[in-house]
Amino acid sequence: MSGSDGSGATRVVPVPDDLSREFWTAAAQGRLVVRRCADCGTFHHPPRPLCPSCRGADCPFTEVSGRARLHSWTRTEHSVLPALAVPYVCLVVELVEQEGLYLVSDGIGLELGELRQGMAMHVVFDASAGELTLPRFVP
Amino acid sequence: MTWDGTGRVAVAGIGFSAVERRTTTPIGRFALDAAAAALADCGLDAADVDGLATYPTAPFVGAPNREGEDVVGVEYLLGTVRDVRWYAQAAEGMITASLRDAVNALLAGACRYVLVWRAMYAPPGTYGQHRAGTATGDAQFSAPYGCVSPIQWHALAFRAYLERHAADREKLAALAVNSRANAALHPHAVFRDRPLTASDYRESRTISDPLRLHDCDVPVTACVAAVLTTTERARDLRQPVVTVASAAHQATPRPHAVHYTLQDHVEAGAPVVRHLLEDAGLGLADLGAAQLYDGFAPSTLYWLEAAGFCGRGEALDFLQEGRIARDGALPLNTFGGSLSQGRLHGMGHVAEAVEQLRGTAGDRQVRGLADRPHVLVLDGSPMLRGGGLILGSDR
C-alpha cells in the first residue's frame with residue numbers, strides 16, 4: 001500500500017478521486033495545477049466543487065509557476081505515522097500566485113537551521129514513491 | 001445589546017468520574033459515575049432528568065467512535081433516564097456547543113433538567129497514530145508528506161506565529177508551569193502529584209517542533225457531567241447558584257486550506273468573545289478568571305489574543321510575571337487545564353468556572369472573584385468551531 005522513495009521514507013499513498021484526479025495526472029507530467037475560478041479568478045486548494053470565494057461552479061485546474069515562499073514548518077520527532085521514521089520535516093508553502101494559497105510538502109533532508117519564513121522554494125516532482133508522482137517543494 | 005437569556009439558566013450540578021490514564025474499565029462506567037455525581041451534587045436523581053446533551057466525538061484520526069467503547073453519546077444514556085423530552089448531540093463545536101444547546105432548550109421550555117456530559121477515552125498504545133497506508137479526501141494532499149496529526153497542524157500554526165511575531169517560544173513554559181501548580185490543588189487532576197518546573201519544561205522532549213511534551217494535554221479516560229436548569233429552579237437545589245451570562249459559538253468561515261492557519265485561530269476567535277461580552281453586558285475588566293482551552297498550549301495564546309486581553313503577538317509576554325497566577329491580574333486555568341488535569345475537552349474548564357463562582361474551590365479559590373464574579377470559558381481552538389460561555393454568580 002505505501003510507497004518508498006530514495007530517502008528511505010515510506011509514504012502514505014494518495015487516492016485520487018473525481019475532484020482531485022487532474023492534480024495527480026498533471027503532477028505525473030511534471031506540471032503543478034491548482035483550481036482557479038473562471039468567474040472571480042481566485043485559486044483554491046484543496047479542490048472543491050464550487051469556488052470557496054464566490055461559489056462559482058467553473059473552476060478549471062490551471063497550471064501555476066511552481067514558485068513559492070516558505071510559510072511554516074515542523075520537525076516531527078515523536079512518531080505519528082508508524083510507516084515513516086522520525087525525525088522528519090513537514091512544510092507549508094505559499095504559492096507566489098496568491099496570498100494564502102498553501103500547499104503541504106515534506107522537507108526531507110532539510111535542517112531546521114536553514115529554514116526561514118518567506119524563503120524562496122520551488123516545486124520538484126518526485127516519481128520515486130510508487131504509482132503516483134508527488135509534487136514536493138525544495139529551496 | 002444584551003441577551004434576554006442572561007442569568008436565566010443555571011449550572012446547578014457538576015460531577016467527576018475517576019480520571020485515569022490507562023484503564024480497562026469501560027468508558028460508559030465513567031459516564032454513569034459522572035452523571036450520578038452531578039445529580040448528587042445538586043440533590044436530584046435520574047428520574048428528574050428530562051434532557052440530554054453531549055458532544056461525544058473521539059478526537060483523533062482513525063478513532064472507531066463506537067458507543068460505549070470510545071464514545072458515550074446520547075444513545076448510551078437514554079436507557080438510564082426514564083422520560084426524555086429533549087436531547088441534542090453536537091457534531092462539532094466541543095462541549096460548549098452542547099451546553100449552549102441545553103441553555104436554549106431550557107429557555108424555550110423544552111425540558112426542565114438537562115444532563116450534559118463529556119466522556120473521553122485514552123486508547124491503549126500511542127495516541128492517534130495514523131495507521132492507514134492510503135489517504136483520501138483532503139488528507140491526500142498532506143498525509144503523503146507525513147503530515148497526519150493534529151499536533152503537526154498545531155505545530156505549523158505555532159511556528160508561523162513565532163515567525164510572524166519574532167516571539168520567544170521559551171516563554172511558553174509559563175503556561176505549563178502555572179497549570180501544574182494549580183493542578184496540585186485539584187483532587188481530580190491526573191498530575192496533581194507531579195510538580196513541574198520551568199527547567200523540567202525546557203528539558204522535555206520535542207513532539208513536533210516547536211511543540212514539546214508539556215505543551216500537549218494528557219490523554220485520560222474520564223467523564224465530567226453537569227446538570228443545567230432554570231435559575232428559578234436552581235435556587236431550590238443544593239448548591240450556590242451559578243448562572244449562564246452568555247453563550248456563543250465560533251461561526252467565522254475558515255480560510256480554505258489543507259492545514260490550520262493562524263487566521264483560523266486568532267481571527268475566528270475574536271467574534272466569539274465579542275458576542276459573549278456583548279450578550280452578557282460585560283467588559284474584559286469584569287472577568288475575575290478565565291479557563292481557556294489548552295489541548296495544545298498555543299490554543300490558549302490564541303484565545304488570549306482573540307479575546308483582547310493583550311495585542312496580537314503579545315500573549316507569550318502576557319503569561320509572564322505572575323499575571324496568570326491565582327492572585328494575578330487574570331487567573332488562568334486555575335484547575336490545571338487540560339495540560340495537567342487531563343484531556344477532558346473543555347468540561348474540566350466549565351467545572352472549574354462553576355466551582356470558583358460557588359466559592360467552593362478550596363485552596364484554589366480566586367479571591368478576586370468576590371469583586372469580579374464572572375468567569376470566561378473558551379473551549380476548543382477556534383478552527384474547531386470552538387465556543388464559549390461566561391458564567392456568573394446569582395447575587
# chains A, B, ... in the order shown; residues from 1 in each chain; ligands from 1
$ closest_atom_pairs --of "segment 43-106 of chain A" --to "segment 122-138 of chain B" --cutoff "7 Å" --atoms "only C-alpha atoms" --output "CSV"
residue,atom,partner,partner_atom,distance
A:Pro46,CA,B:Asp138,CA,6.2
A:Val80,CA,B:Gln129,CA,4.6
A:Leu81,CA,B:His130,CA,5.0
A:Pro82,CA,B:Arg131,CA,6.8
$ residues_around --residues "segment 97-106 of chain A" --least-positions-apart "6" --cutoff "7 Å" --atoms "only C-alpha atoms" --output "list in words"
His44, His45, Val89, Cys90, Leu91, Arg136 and Phe137 of chain A; Phe141, Ser142, Tyr145, Gly146 and Ala257 of chain B
$ interface_residues --of "chain A" --to "chain B" --cutoff "6 Å" --atoms "only C-alpha atoms" --output "list in words"
Met1, Ser2, Arg11, Val12, Val13, Pro14, Val15, Ser72, Trp73, Thr74, Arg75, Thr76, Glu77, His78, Val80, Leu81, Val104, Ser105 and Asp106 of chain A
$ write_last_selection --atoms "N, CA and C atoms" --output "JSON list (two decimals), in the first residue's frame"
[["chain", "number", "residue", "atom", "x", "y", "z"],
["A", 1, "MET", "N", 0.83, -1.21, 0.00],
["A", 1, "MET", "CA", 0.00, 0.00, 0.00],
["A", 1, "MET", "C", 0.87, 1.27, 0.00],
["A", 2, "SER", "N", 1.83, 1.31, 0.89],
["A", 2, "SER", "CA", 2.64, 2.51, 0.98],
["A", 2, "SER", "C", 3.80, 2.43, 0.00],
["A", 11, "ARG", "N", 5.79, 6.25, 2.27],
["A", 11, "ARG", "CA", 4.75, 7.28, 2.18],
["A", 11, "ARG", "C", 3.36, 6.68, 2.21],
["A", 12, "VAL", "N", 2.45, 7.46, 2.80],
["A", 12, "VAL", "CA", 1.03, 7.18, 2.64],
["A", 12, "VAL", "C", 0.69, 7.55, 1.20],
["A", 13, "VAL", "N", -0.04, 6.67, 0.53],
["A", 13, "VAL", "CA", -0.32, 6.87, -0.90],
["A", 13, "VAL", "C", -1.64, 7.63, -1.06],
["A", 14, "PRO", "N", -1.62, 8.74, -1.80],
["A", 14, "PRO", "CA", -2.87, 9.47, -2.04],
["A", 14, "PRO", "C", -3.80, 8.68, -2.96],
["A", 15, "VAL", "N", -5.09, 8.75, -2.67],
["A", 15, "VAL", "CA", -6.09, 8.08, -3.50],
["A", 15, "VAL", "C", -6.85, 9.15, -4.29],
["A", 72, "SER", "N", 5.56, 27.90, 6.77],
["A", 72, "SER", "CA", 5.78, 27.32, 8.10],
["A", 72, "SER", "C", 6.36, 25.92, 7.95],
["A", 73, "TRP", "N", 6.81, 25.37, 9.09],
["A", 73, "TRP", "CA", 7.40, 24.04, 9.07],
["A", 73, "TRP", "C", 7.35, 23.45, 10.48],
["A", 74, "THR", "N", 7.44, 22.14, 10.55],
["A", 74, "THR", "CA", 7.58, 21.47, 11.84],
["A", 74, "THR", "C", 8.48, 20.28, 11.65],
["A", 75, "ARG", "N", 9.32, 20.01, 12.65],
["A", 75, "ARG", "CA", 10.11, 18.78, 12.63],
["A", 75, "ARG", "C", 9.51, 17.82, 13.64],
["A", 76, "THR", "N", 8.93, 16.76, 13.14],
["A", 76, "THR", "CA", 8.23, 15.79, 13.98],
["A", 76, "THR", "C", 9.23, 14.78, 14.52],
["A", 77, "GLU", "N", 9.29, 14.69, 15.86],
["A", 77, "GLU", "CA", 10.26, 13.79, 16.49],
["A", 77, "GLU", "C", 9.60, 12.60, 17.16],
["A", 78, "HIS", "N", 8.29, 12.75, 17.46],
["A", 78, "HIS", "CA", 7.52, 11.67, 18.09],
["A", 78, "HIS", "C", 6.67, 11.05, 16.98],
["A", 80, "VAL", "N", 4.05, 9.80, 14.66],
["A", 80, "VAL", "CA", 2.59, 9.86, 14.49],
["A", 80, "VAL", "C", 2.16, 8.98, 13.33],
["A", 81, "LEU", "N", 3.14, 8.40, 12.67],
["A", 81, "LEU", "CA", 2.91, 7.63, 11.45],
["A", 81, "LEU", "C", 3.93, 6.49, 11.48],
["A", 104, "VAL", "N", 0.99, 21.69, 1.26],
["A", 104, "VAL", "CA", 1.84, 20.98, 2.21],
["A", 104, "VAL", "C", 2.89, 20.20, 1.42],
["A", 105, "SER", "N", 4.08, 20.14, 1.99],
["A", 105, "SER", "CA", 5.15, 19.34, 1.40],
["A", 105, "SER", "C", 5.92, 18.70, 2.54],
["A", 106, "ASP", "N", 6.80, 17.77, 2.22],
["A", 106, "ASP", "CA", 7.76, 17.37, 3.25],
["A", 106, "ASP", "C", 9.03, 18.16, 3.01]]
$ residues_around --residues "Thr80 of chain B" --least-positions-apart "5" --cutoff "9 Å" --atoms "only C-alpha atoms" --output "compact mmCIF listing (two decimals) with N, CA, C and O atoms, in the first residue's frame"
# COMPACT_ATOMS: atom_id res chain seq x y z
N LEU B 32 -21.52 7.09 33.61
CA LEU B 32 -22.58 6.88 34.61
C LEU B 32 -22.14 7.42 35.97
O LEU B 32 -22.94 8.02 36.69
N ALA B 46 -31.93 10.54 38.90
CA ALA B 46 -32.03 10.33 37.46
C ALA B 46 -33.45 10.54 36.95
O ALA B 46 -33.65 10.97 35.81
N ALA B 47 -34.43 10.29 37.80
CA ALA B 47 -35.82 10.43 37.37
C ALA B 47 -36.18 11.88 37.07
O ALA B 47 -37.16 12.16 36.36
$ residues_around --residues "segment 115-121 of chain A" --least-positions-apart "4" --cutoff "8 Å" --atoms "only C-alpha atoms" --output "VMD selection string"
(chain A and resid 67 to 72 93 110 to 111 137 to 139) or (chain B and resid 160 163)
$ write_last_selection --atoms "N, CA, C and O atoms" --output "short mmCIF file (atom, residue, chain, number, x, y, z; two decimals), in the first residue's frame"
data_model
loop_
_atom_site.label_atom_id
_atom_site.label_comp_id
_atom_site.auth_asym_id
_atom_site.auth_seq_id
_atom_site.Cartn_x
_atom_site.Cartn_y
_atom_site.Cartn_z
N ARG A 67 6.60 28.24 -8.19
CA ARG A 67 7.41 29.03 -7.26
C ARG A 67 6.56 29.35 -6.03
O ARG A 67 5.35 29.56 -6.12
N ALA A 68 7.23 29.36 -4.87
CA ALA A 68 6.50 29.54 -3.61
C ALA A 68 7.42 30.17 -2.57
O ALA A 68 8.63 30.29 -2.79
N ARG A 69 6.83 30.57 -1.46
CA ARG A 69 7.60 31.04 -0.31
C ARG A 69 7.28 30.13 0.86
O ARG A 69 6.14 29.69 1.04
N LEU A 70 8.29 29.88 1.68
CA LEU A 70 8.07 29.02 2.84
C LEU A 70 7.21 29.76 3.86
O LEU A 70 7.53 30.89 4.27
N HIS A 71 6.10 29.16 4.26
CA HIS A 71 5.21 29.77 5.25
C HIS A 71 5.48 29.23 6.64
O HIS A 71 5.58 29.97 7.61
N SER A 72 5.56 27.90 6.77
CA SER A 72 5.78 27.32 8.10
C SER A 72 6.36 25.92 7.95
O SER A 72 6.40 25.36 6.85
N VAL A 93 4.01 25.69 2.19
CA VAL A 93 4.48 26.77 1.31
C VAL A 93 3.28 27.54 0.78
O VAL A 93 2.17 27.01 0.68
N LEU A 110 16.04 18.48 4.85
CA LEU A 110 16.28 19.86 5.28
C LEU A 110 16.52 19.91 6.78
O LEU A 110 15.96 19.12 7.54
N GLU A 111 17.36 20.84 7.22
CA GLU A 111 17.62 21.06 8.64
C GLU A 111 16.86 22.29 9.10
O GLU A 111 16.69 23.25 8.34
N PHE A 137 8.34 20.50 -2.48
CA PHE A 137 8.96 21.82 -2.57
C PHE A 137 10.33 21.80 -1.90
O PHE A 137 10.50 21.25 -0.82
N VAL A 138 11.28 22.41 -2.58
CA VAL A 138 12.66 22.47 -2.09
C VAL A 138 13.17 23.90 -2.23
O VAL A 138 12.63 24.68 -3.03
N PRO A 139 14.19 24.29 -1.43
CA PRO A 139 14.73 25.66 -1.54
C PRO A 139 15.38 25.89 -2.91
O PRO A 139 15.93 24.96 -3.49
N ALA B 160 4.39 29.45 12.49
CA ALA B 160 4.05 30.65 11.73
C ALA B 160 3.85 31.83 12.67
O ALA B 160 4.26 32.97 12.38
N GLU B 163 7.27 33.04 13.93
CA GLU B 163 7.98 33.76 12.87
C GLU B 163 7.37 35.14 12.65
O GLU B 163 8.07 36.14 12.55
#
$ atom_distance --atom1 "atom CA of Cys42 of chain B" --atom2 "atom CA of Arg238 of chain B"
4.8 Å
